[in-house]
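Listing of run_35.txt, compact mmCIF, N, CA and C atoms and all ligand atoms
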# COMPACT_ATOMS: atom_id res chain seq x y z
N MET A 1 -17.79 -7.18 -1.11
CA MET A 1 -18.64 -7.68 -0.03
C MET A 1 -18.53 -6.76 1.20
N ILE A 2 -19.67 -6.47 1.81
CA ILE A 2 -19.67 -5.66 3.03
C ILE A 2 -19.45 -6.60 4.21
N LYS A 3 -18.45 -6.30 5.05
CA LYS A 3 -18.04 -7.23 6.11
C LYS A 3 -18.62 -6.90 7.49
N ARG A 4 -18.65 -5.62 7.84
CA ARG A 4 -19.09 -5.25 9.19
C ARG A 4 -19.25 -3.73 9.29
N ILE A 5 -19.84 -3.27 10.39
CA ILE A 5 -19.82 -1.83 10.69
C ILE A 5 -18.45 -1.57 11.30
N ASN A 6 -17.62 -0.79 10.60
CA ASN A 6 -16.28 -0.50 11.11
C ASN A 6 -16.35 0.54 12.22
N HIS A 7 -17.09 1.62 11.96
CA HIS A 7 -17.26 2.65 13.00
C HIS A 7 -18.47 3.52 12.71
N ILE A 8 -18.85 4.29 13.73
CA ILE A 8 -19.88 5.32 13.60
C ILE A 8 -19.18 6.64 13.85
N GLY A 9 -19.31 7.57 12.91
CA GLY A 9 -18.64 8.87 13.02
C GLY A 9 -19.53 9.89 13.71
N VAL A 10 -18.95 10.61 14.66
CA VAL A 10 -19.68 11.64 15.41
C VAL A 10 -18.95 12.97 15.21
N ALA A 11 -19.64 13.96 14.68
CA ALA A 11 -19.05 15.28 14.47
C ALA A 11 -19.04 16.05 15.79
N VAL A 12 -17.88 16.58 16.15
CA VAL A 12 -17.77 17.36 17.39
C VAL A 12 -17.08 18.69 17.09
N LYS A 13 -17.35 19.68 17.95
CA LYS A 13 -16.75 21.00 17.75
C LYS A 13 -15.32 21.04 18.25
N ASP A 14 -15.09 20.41 19.41
CA ASP A 14 -13.80 20.53 20.07
C ASP A 14 -13.35 19.13 20.52
N LEU A 15 -12.29 18.63 19.89
CA LEU A 15 -11.86 17.26 20.18
C LEU A 15 -11.42 17.10 21.63
N GLY A 16 -10.79 18.14 22.20
CA GLY A 16 -10.34 18.07 23.59
C GLY A 16 -11.51 17.90 24.55
N ILE A 17 -12.54 18.71 24.37
CA ILE A 17 -13.73 18.63 25.24
C ILE A 17 -14.42 17.29 25.04
N SER A 18 -14.54 16.85 23.79
CA SER A 18 -15.27 15.61 23.51
C SER A 18 -14.49 14.37 23.92
N THR A 19 -13.15 14.40 23.80
CA THR A 19 -12.41 13.21 24.26
C THR A 19 -12.50 13.11 25.79
N ALA A 20 -12.53 14.24 26.49
CA ALA A 20 -12.70 14.19 27.95
C ALA A 20 -14.04 13.53 28.28
N LEU A 21 -15.09 13.91 27.53
CA LEU A 21 -16.42 13.34 27.75
C LEU A 21 -16.44 11.84 27.44
N PHE A 22 -15.89 11.45 26.28
CA PHE A 22 -15.91 10.04 25.89
C PHE A 22 -14.93 9.20 26.70
N ASN A 23 -13.84 9.80 27.20
CA ASN A 23 -12.96 9.07 28.12
C ASN A 23 -13.76 8.64 29.35
N ALA A 24 -14.59 9.55 29.85
CA ALA A 24 -15.42 9.24 31.01
C ALA A 24 -16.46 8.18 30.65
N LEU A 25 -17.07 8.32 29.47
CA LEU A 25 -18.09 7.36 29.03
C LEU A 25 -17.52 5.95 28.90
N PHE A 26 -16.33 5.85 28.31
CA PHE A 26 -15.73 4.53 28.07
C PHE A 26 -14.77 4.09 29.17
N ALA A 27 -14.60 4.91 30.21
CA ALA A 27 -13.67 4.61 31.30
C ALA A 27 -12.29 4.27 30.75
N GLN A 28 -11.80 5.12 29.86
CA GLN A 28 -10.43 4.96 29.36
C GLN A 28 -9.87 6.34 29.09
N SER A 29 -8.55 6.43 28.97
CA SER A 29 -7.98 7.76 28.84
C SER A 29 -7.06 7.90 27.64
N SER A 30 -7.00 6.87 26.77
CA SER A 30 -6.06 6.99 25.66
C SER A 30 -6.64 6.50 24.35
N PRO A 31 -7.61 7.26 23.82
CA PRO A 31 -8.13 6.88 22.50
C PRO A 31 -7.02 7.03 21.46
N HIS A 32 -7.13 6.29 20.36
CA HIS A 32 -6.22 6.50 19.24
C HIS A 32 -6.61 7.83 18.56
N VAL A 33 -5.68 8.79 18.53
CA VAL A 33 -5.96 10.11 17.96
C VAL A 33 -5.04 10.33 16.76
N GLU A 34 -5.59 10.86 15.68
CA GLU A 34 -4.72 11.24 14.57
C GLU A 34 -5.31 12.36 13.72
N SER A 35 -4.44 13.00 12.94
CA SER A 35 -4.86 14.05 12.02
C SER A 35 -5.07 13.43 10.65
N VAL A 36 -6.13 13.84 9.98
CA VAL A 36 -6.37 13.40 8.60
C VAL A 36 -6.45 14.65 7.73
N PRO A 37 -5.27 15.13 7.28
CA PRO A 37 -5.24 16.39 6.52
C PRO A 37 -6.11 16.34 5.27
N GLN A 38 -6.22 15.14 4.63
CA GLN A 38 -7.05 15.03 3.42
C GLN A 38 -8.50 15.39 3.71
N GLN A 39 -8.96 15.11 4.95
CA GLN A 39 -10.35 15.41 5.32
C GLN A 39 -10.44 16.69 6.15
N GLN A 40 -9.31 17.38 6.33
CA GLN A 40 -9.25 18.59 7.18
C GLN A 40 -9.88 18.32 8.54
N ALA A 41 -9.41 17.23 9.17
CA ALA A 41 -10.02 16.84 10.44
C ALA A 41 -9.02 16.15 11.36
N ASP A 42 -9.28 16.24 12.65
CA ASP A 42 -8.60 15.43 13.66
C ASP A 42 -9.62 14.44 14.17
N ILE A 43 -9.17 13.20 14.39
CA ILE A 43 -10.12 12.17 14.80
C ILE A 43 -9.61 11.40 16.03
N ALA A 44 -10.54 10.87 16.80
CA ALA A 44 -10.22 10.01 17.94
C ALA A 44 -11.10 8.78 17.86
N PHE A 45 -10.49 7.59 18.03
CA PHE A 45 -11.23 6.32 17.93
C PHE A 45 -11.39 5.66 19.29
N TYR A 46 -12.60 5.23 19.59
CA TYR A 46 -12.88 4.44 20.78
C TYR A 46 -13.38 3.08 20.35
N PRO A 47 -12.58 2.02 20.53
CA PRO A 47 -13.04 0.68 20.14
C PRO A 47 -14.23 0.22 20.97
N VAL A 48 -15.20 -0.39 20.30
CA VAL A 48 -16.36 -0.99 20.96
C VAL A 48 -16.56 -2.34 20.28
N GLY A 49 -16.13 -3.42 20.91
CA GLY A 49 -16.21 -4.74 20.27
C GLY A 49 -15.47 -4.72 18.95
N GLU A 50 -16.13 -5.12 17.86
CA GLU A 50 -15.47 -5.16 16.55
C GLU A 50 -15.59 -3.84 15.81
N SER A 51 -16.23 -2.84 16.45
CA SER A 51 -16.43 -1.55 15.81
C SER A 51 -15.81 -0.45 16.66
N SER A 52 -15.97 0.79 16.24
CA SER A 52 -15.48 1.92 17.02
C SER A 52 -16.44 3.08 16.90
N ILE A 53 -16.29 3.99 17.86
CA ILE A 53 -16.90 5.31 17.73
C ILE A 53 -15.76 6.23 17.30
N GLU A 54 -15.98 7.01 16.25
CA GLU A 54 -14.97 7.94 15.74
C GLU A 54 -15.45 9.36 15.99
N LEU A 55 -14.72 10.10 16.82
CA LEU A 55 -15.03 11.52 17.00
C LEU A 55 -14.26 12.29 15.94
N ILE A 56 -14.94 13.22 15.28
CA ILE A 56 -14.30 13.98 14.20
C ILE A 56 -14.46 15.47 14.48
N ALA A 57 -13.32 16.17 14.53
CA ALA A 57 -13.35 17.62 14.71
C ALA A 57 -12.67 18.26 13.52
N SER A 58 -13.24 19.32 13.03
CA SER A 58 -12.71 20.01 11.87
C SER A 58 -11.45 20.79 12.22
N THR A 59 -10.49 20.86 11.27
CA THR A 59 -9.31 21.70 11.47
C THR A 59 -9.38 22.92 10.55
N SER A 60 -10.52 23.11 9.89
CA SER A 60 -10.65 24.24 8.97
C SER A 60 -12.11 24.70 8.91
N GLY A 61 -12.30 26.01 8.74
CA GLY A 61 -13.65 26.55 8.70
C GLY A 61 -14.43 26.14 7.47
N THR A 62 -13.75 25.55 6.48
CA THR A 62 -14.41 25.24 5.21
C THR A 62 -14.57 23.74 4.97
N SER A 63 -14.19 22.91 5.95
CA SER A 63 -14.28 21.45 5.75
C SER A 63 -15.73 20.99 5.76
N SER A 64 -15.97 19.77 5.31
CA SER A 64 -17.34 19.24 5.30
C SER A 64 -17.87 19.05 6.73
N ILE A 65 -16.99 18.73 7.68
CA ILE A 65 -17.42 18.59 9.09
C ILE A 65 -17.87 19.94 9.64
N SER A 66 -17.10 20.95 9.31
CA SER A 66 -17.42 22.29 9.75
C SER A 66 -18.80 22.73 9.22
N LYS A 67 -19.05 22.45 7.94
CA LYS A 67 -20.34 22.79 7.33
C LYS A 67 -21.47 21.99 7.95
N PHE A 68 -21.21 20.70 8.22
CA PHE A 68 -22.21 19.82 8.84
C PHE A 68 -22.63 20.38 10.20
N ILE A 69 -21.64 20.76 11.03
CA ILE A 69 -21.94 21.26 12.38
C ILE A 69 -22.69 22.60 12.30
N GLU A 70 -22.30 23.44 11.34
CA GLU A 70 -23.01 24.71 11.15
C GLU A 70 -24.50 24.48 10.86
N LYS A 71 -24.78 23.49 9.99
CA LYS A 71 -26.16 23.21 9.58
C LYS A 71 -26.96 22.47 10.63
N ARG A 72 -26.36 21.41 11.21
CA ARG A 72 -27.12 20.50 12.05
C ARG A 72 -26.65 20.38 13.49
N GLY A 73 -25.54 21.02 13.81
CA GLY A 73 -24.99 20.88 15.15
C GLY A 73 -24.19 19.59 15.30
N GLU A 74 -23.66 19.36 16.49
CA GLU A 74 -22.88 18.16 16.73
C GLU A 74 -23.79 16.94 16.70
N GLY A 75 -23.22 15.78 16.40
CA GLY A 75 -24.02 14.55 16.44
C GLY A 75 -23.52 13.51 15.46
N ILE A 76 -24.34 12.46 15.29
CA ILE A 76 -23.95 11.37 14.39
C ILE A 76 -23.81 11.91 12.97
N HIS A 77 -22.66 11.64 12.37
CA HIS A 77 -22.33 12.19 11.06
C HIS A 77 -22.38 11.14 9.96
N HIS A 78 -21.84 9.94 10.24
CA HIS A 78 -21.87 8.89 9.21
C HIS A 78 -21.72 7.49 9.81
N LEU A 79 -22.09 6.50 9.01
CA LEU A 79 -21.84 5.09 9.32
C LEU A 79 -20.74 4.63 8.39
N CYS A 80 -19.82 3.83 8.91
CA CYS A 80 -18.76 3.31 8.05
C CYS A 80 -18.86 1.79 7.95
N LEU A 81 -19.01 1.33 6.71
CA LEU A 81 -19.08 -0.11 6.43
C LEU A 81 -17.74 -0.56 5.87
N GLU A 82 -17.17 -1.60 6.49
CA GLU A 82 -15.90 -2.13 5.98
C GLU A 82 -16.17 -3.14 4.87
N VAL A 83 -15.43 -3.01 3.79
CA VAL A 83 -15.60 -3.90 2.64
C VAL A 83 -14.27 -4.60 2.34
N ASP A 84 -14.34 -5.70 1.60
CA ASP A 84 -13.10 -6.42 1.29
C ASP A 84 -12.39 -5.83 0.07
N ASP A 85 -13.13 -5.17 -0.83
CA ASP A 85 -12.52 -4.61 -2.04
C ASP A 85 -13.27 -3.32 -2.40
N ILE A 86 -12.71 -2.18 -1.98
CA ILE A 86 -13.44 -0.90 -2.10
C ILE A 86 -13.69 -0.52 -3.56
N ASN A 87 -12.72 -0.77 -4.44
CA ASN A 87 -12.94 -0.42 -5.85
C ASN A 87 -14.07 -1.24 -6.46
N ALA A 88 -14.13 -2.52 -6.10
CA ALA A 88 -15.20 -3.38 -6.62
C ALA A 88 -16.56 -2.93 -6.06
N GLU A 89 -16.60 -2.52 -4.79
CA GLU A 89 -17.86 -2.07 -4.19
C GLU A 89 -18.32 -0.73 -4.78
N ILE A 90 -17.36 0.18 -5.03
CA ILE A 90 -17.72 1.46 -5.67
C ILE A 90 -18.35 1.17 -7.04
N ALA A 91 -17.72 0.29 -7.80
CA ALA A 91 -18.24 -0.05 -9.14
C ALA A 91 -19.62 -0.71 -9.04
N ARG A 92 -19.77 -1.65 -8.10
CA ARG A 92 -21.05 -2.36 -7.94
C ARG A 92 -22.17 -1.38 -7.56
N LEU A 93 -21.87 -0.47 -6.61
CA LEU A 93 -22.91 0.44 -6.12
C LEU A 93 -23.27 1.51 -7.16
N LYS A 94 -22.28 1.97 -7.91
CA LYS A 94 -22.57 2.92 -9.00
C LYS A 94 -23.48 2.26 -10.02
N GLU A 95 -23.16 1.03 -10.37
CA GLU A 95 -23.96 0.25 -11.31
C GLU A 95 -25.41 0.13 -10.81
N ALA A 96 -25.57 0.02 -9.47
CA ALA A 96 -26.90 -0.12 -8.87
C ALA A 96 -27.60 1.23 -8.69
N GLY A 97 -26.92 2.34 -9.11
CA GLY A 97 -27.58 3.64 -9.10
C GLY A 97 -27.25 4.53 -7.91
N PHE A 98 -26.35 4.10 -7.04
CA PHE A 98 -25.98 4.94 -5.90
C PHE A 98 -25.01 6.04 -6.35
N GLN A 99 -25.13 7.20 -5.67
CA GLN A 99 -24.23 8.32 -5.97
C GLN A 99 -23.13 8.40 -4.92
N PHE A 100 -21.94 8.78 -5.35
CA PHE A 100 -20.82 8.97 -4.44
C PHE A 100 -20.46 10.44 -4.33
N VAL A 101 -19.92 10.84 -3.18
CA VAL A 101 -19.47 12.21 -2.99
C VAL A 101 -18.28 12.47 -3.91
N ASN A 102 -17.34 11.52 -3.97
CA ASN A 102 -16.22 11.57 -4.92
C ASN A 102 -16.19 10.25 -5.68
N ASP A 103 -15.70 10.31 -6.92
CA ASP A 103 -15.75 9.11 -7.76
C ASP A 103 -14.70 8.06 -7.40
N GLN A 104 -13.64 8.50 -6.73
CA GLN A 104 -12.53 7.60 -6.42
C GLN A 104 -12.38 7.42 -4.92
N ARG A 105 -11.76 6.31 -4.52
CA ARG A 105 -11.41 6.13 -3.12
C ARG A 105 -10.36 7.18 -2.76
N SER A 106 -10.25 7.52 -1.45
CA SER A 106 -9.17 8.40 -1.00
C SER A 106 -8.61 7.85 0.30
N GLU A 107 -7.52 8.45 0.75
CA GLU A 107 -6.87 7.98 1.95
C GLU A 107 -7.61 8.50 3.17
N GLY A 108 -8.11 7.58 4.02
CA GLY A 108 -8.80 7.99 5.24
C GLY A 108 -7.85 7.91 6.42
N GLY A 109 -8.37 7.82 7.62
CA GLY A 109 -7.51 7.68 8.79
C GLY A 109 -7.17 6.23 9.05
N ASP A 110 -6.17 6.02 9.91
CA ASP A 110 -5.89 4.70 10.49
C ASP A 110 -5.56 3.62 9.46
N GLY A 111 -4.96 4.02 8.32
CA GLY A 111 -4.54 3.02 7.33
C GLY A 111 -5.66 2.41 6.50
N TYR A 112 -6.68 3.21 6.20
CA TYR A 112 -7.80 2.73 5.39
C TYR A 112 -7.99 3.57 4.13
N TRP A 113 -8.42 2.92 3.07
CA TRP A 113 -8.99 3.61 1.91
C TRP A 113 -10.44 3.88 2.24
N VAL A 114 -10.96 5.04 1.81
CA VAL A 114 -12.36 5.36 2.08
C VAL A 114 -13.05 5.95 0.86
N ALA A 115 -14.38 5.85 0.84
CA ALA A 115 -15.22 6.51 -0.18
C ALA A 115 -16.57 6.76 0.48
N PHE A 116 -17.20 7.88 0.13
CA PHE A 116 -18.47 8.23 0.76
C PHE A 116 -19.62 8.18 -0.24
N LEU A 117 -20.69 7.49 0.17
CA LEU A 117 -21.92 7.50 -0.63
C LEU A 117 -22.70 8.76 -0.31
N HIS A 118 -23.23 9.41 -1.33
CA HIS A 118 -23.98 10.65 -1.09
C HIS A 118 -25.29 10.35 -0.36
N PRO A 119 -25.57 11.11 0.72
CA PRO A 119 -26.80 10.84 1.49
C PRO A 119 -28.09 10.97 0.67
N LYS A 120 -28.02 11.72 -0.45
CA LYS A 120 -29.19 11.83 -1.34
C LYS A 120 -29.65 10.46 -1.82
N SER A 121 -28.70 9.54 -1.98
CA SER A 121 -29.06 8.22 -2.52
C SER A 121 -29.16 7.15 -1.44
N THR A 122 -29.02 7.53 -0.14
CA THR A 122 -29.06 6.53 0.93
C THR A 122 -29.94 6.98 2.10
N ASN A 123 -31.15 7.46 1.77
CA ASN A 123 -32.12 7.83 2.82
C ASN A 123 -31.58 8.86 3.81
N GLY A 124 -30.73 9.76 3.32
CA GLY A 124 -30.25 10.83 4.19
C GLY A 124 -29.10 10.44 5.11
N VAL A 125 -28.61 9.19 4.96
CA VAL A 125 -27.50 8.74 5.82
C VAL A 125 -26.21 8.78 5.01
N LEU A 126 -25.22 9.52 5.52
CA LEU A 126 -23.91 9.52 4.88
C LEU A 126 -23.24 8.18 5.22
N ILE A 127 -22.91 7.39 4.19
CA ILE A 127 -22.28 6.09 4.41
C ILE A 127 -20.87 6.11 3.83
N GLU A 128 -19.93 5.75 4.70
CA GLU A 128 -18.53 5.65 4.30
C GLU A 128 -18.22 4.18 4.06
N LEU A 129 -17.52 3.89 2.97
CA LEU A 129 -16.99 2.54 2.76
C LEU A 129 -15.51 2.60 3.12
N CYS A 130 -14.98 1.57 3.73
CA CYS A 130 -13.54 1.55 4.00
C CYS A 130 -12.96 0.17 3.75
N GLU A 131 -11.68 0.18 3.37
CA GLU A 131 -10.93 -1.06 3.17
C GLU A 131 -9.56 -0.87 3.77
N LYS A 132 -9.12 -1.81 4.60
CA LYS A 132 -7.78 -1.74 5.19
C LYS A 132 -6.74 -1.77 4.07
N MET A 133 -5.78 -0.82 4.13
CA MET A 133 -4.71 -0.82 3.13
C MET A 133 -3.83 -2.04 3.34
N LYS A 134 -3.38 -2.64 2.22
CA LYS A 134 -2.55 -3.84 2.36
C LYS A 134 -1.07 -3.49 2.28
ZN ZN B 1 -15.41 7.58 9.35

Full structure transcribed into structure tokens:
Amino acid sequence: MIKRINHIGVAVKDLGISTALFNALFAQSSPHVESVPQQQADIAFYPVGESSIELIASTSGTSSISKFIEKRGEGIHHLCLEVDDINAEIARLKEAGFQFVNDQRSEGGDGYWVAFLHPKSTNGVLIELCEKMK
């Protein structure tokens, strides 16, 4: 079951410059920041009600974020939908004909399992599914 929009991911070139900008936007100075080596990225979260804005900066010239910024520039990168059972949702969506970037869930940031639906099968929108690790 899909529960809520967990966050909206925004690809940025420089996390330092962008956190300064978003600190001013949100009138706060201490976003939750962490490295996600599996995704070759550093991320910063700004809570907004029950959701967050996630700034994502690449830590490698070959990461998917790096390629995204090369092609399209900085901007909205993905929507993340929180689900109660990620393996069940992956199975359900594959059965319904959706394509995934990877076949299995992987470890995302902030204690979540994640999986990405390929934008080819979702109207050009990269959709991340996430489930809080228990
Ligand atoms: Zn995300």

Quick one: contact table of region 4-106 of chain A to region 120-132 of chain A, 7 Å max, nearest atom pair and distance in Å to one decimal per residue, counting only N, CA and C atoms, chain and number order, as CSV?
residue,atom,partner,partner_atom,distance
A:His77,C,A:Leu126,N,5.5
A:His78,CA,A:Leu126,C,4.3
A:Leu79,C,A:Glu128,N,3.9
A:Cys80,CA,A:Glu128,C,4.1
A:Leu81,N,A:Glu128,C,4.0
A:Glu82,CA,A:Cys130,C,4.3
A:Val83,N,A:Cys130,C,4.0
A:Asp84,C,A:Glu131,CA,5.9
A:Asp85,N,A:Glu131,CA,6.1
A:Ile86,N,A:Glu131,CA,5.6
A:Gly97,C,A:Ser121,CA,6.8
A:Phe98,CA,A:Ser121,CA,5.6
A:Gln99,N,A:Ser121,CA,5.1

> Given the choices A:Lys134, A:Lys13, A:His118, A:His7, which gets closest to Gly73 (chain A) if the distance is worked out from all atoms listed in the file?
Replying inline: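 Closest candidate: A:Lys13.
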
>> One decimal, in Å: what's the spacing between atom N of Gln28 (chain A) and CA of Gly75 (chain A)?
In response: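 Atom N of Gln28 (chain A) sits 20.5 Å away from CA of Gly75 (chain A).
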
>> Residues within 8 Å of Ser63 (chain A), please, as a VMD selection string. Count only C-alpha atoms; anything in the same chain fewer than 6 positions from it doesn't count.
In response: chain A and resid 39 to 41

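Considering the residues A:Pro37, A:Ser29, A:Arg105, A:Phe116 and counting only C-alpha atoms and all ligand atoms, ligand ZN 1 (chain B) has its shortest atom-to-atom contact with A:Phe116.
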
> Which residue, A:Leu55, A:Glu50, A:Lys67, A:Ala24, has the smallest gap to ligand ZN 1 (chain B) when you use only C-alpha atoms and all ligand atoms?
Replying inline: A:Leu55

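What separates atom C of Phe68 (chain A) from atom C of Ala11 (chain A) is a distance of 7.9 Å.
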
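Remark: residues at most 10 Å from position (-16.8, 5.9, 15.4) in file coordinates are Ile5, Asn6, His7, Ile8, Gly9, Val10, Ala11, Ile43, Ala44, Phe45, Tyr46, Pro47, Val48, Ser51, Ser52, Ile53, Glu54, Leu55, Ile56, Ile76, His77, His78, Leu79 and Cys80 of chain A, using only C-alpha atoms.
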
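With only C-alpha atoms as the atoms that count, the residue of A:Ala91, A:Ala96, A:Val36, A:Ile65 with the shortest distance to Gly111 (chain A) is A:Val36.
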
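The coordinates place CA of Glu89 (chain A) at 7.0 Å from CA of Met1 (chain A).
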
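Using only C-alpha atoms and all ligand atoms, the shortest contact distance between ligand ZN 1 (chain B) and any of A:Ala57, A:Leu93, A:Val114, A:Leu21 is found at A:Val114.
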
> Closest to ligand ZN 1 (chain B) among A:Trp113, A:Ile69, A:Asp14, A:Lys3, using only C-alpha atoms and all ligand atoms?
Replying inline: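 With only C-alpha atoms and all ligand atoms as the atom set, the closest residue is A:Trp113.
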
> Could you pull out the strand (DSSP E) residues of region 20-66 of chain A from DSSP and send them as a PyMOL selection string?
Replying inline: chain A and resi 32-36+41-48+51-58

> Where in chain A does DSSP assign alpha helix (DSSP H), given as a PyMOL selection string?
Replying inline: chain A and resi 15-26+64-72+86-95
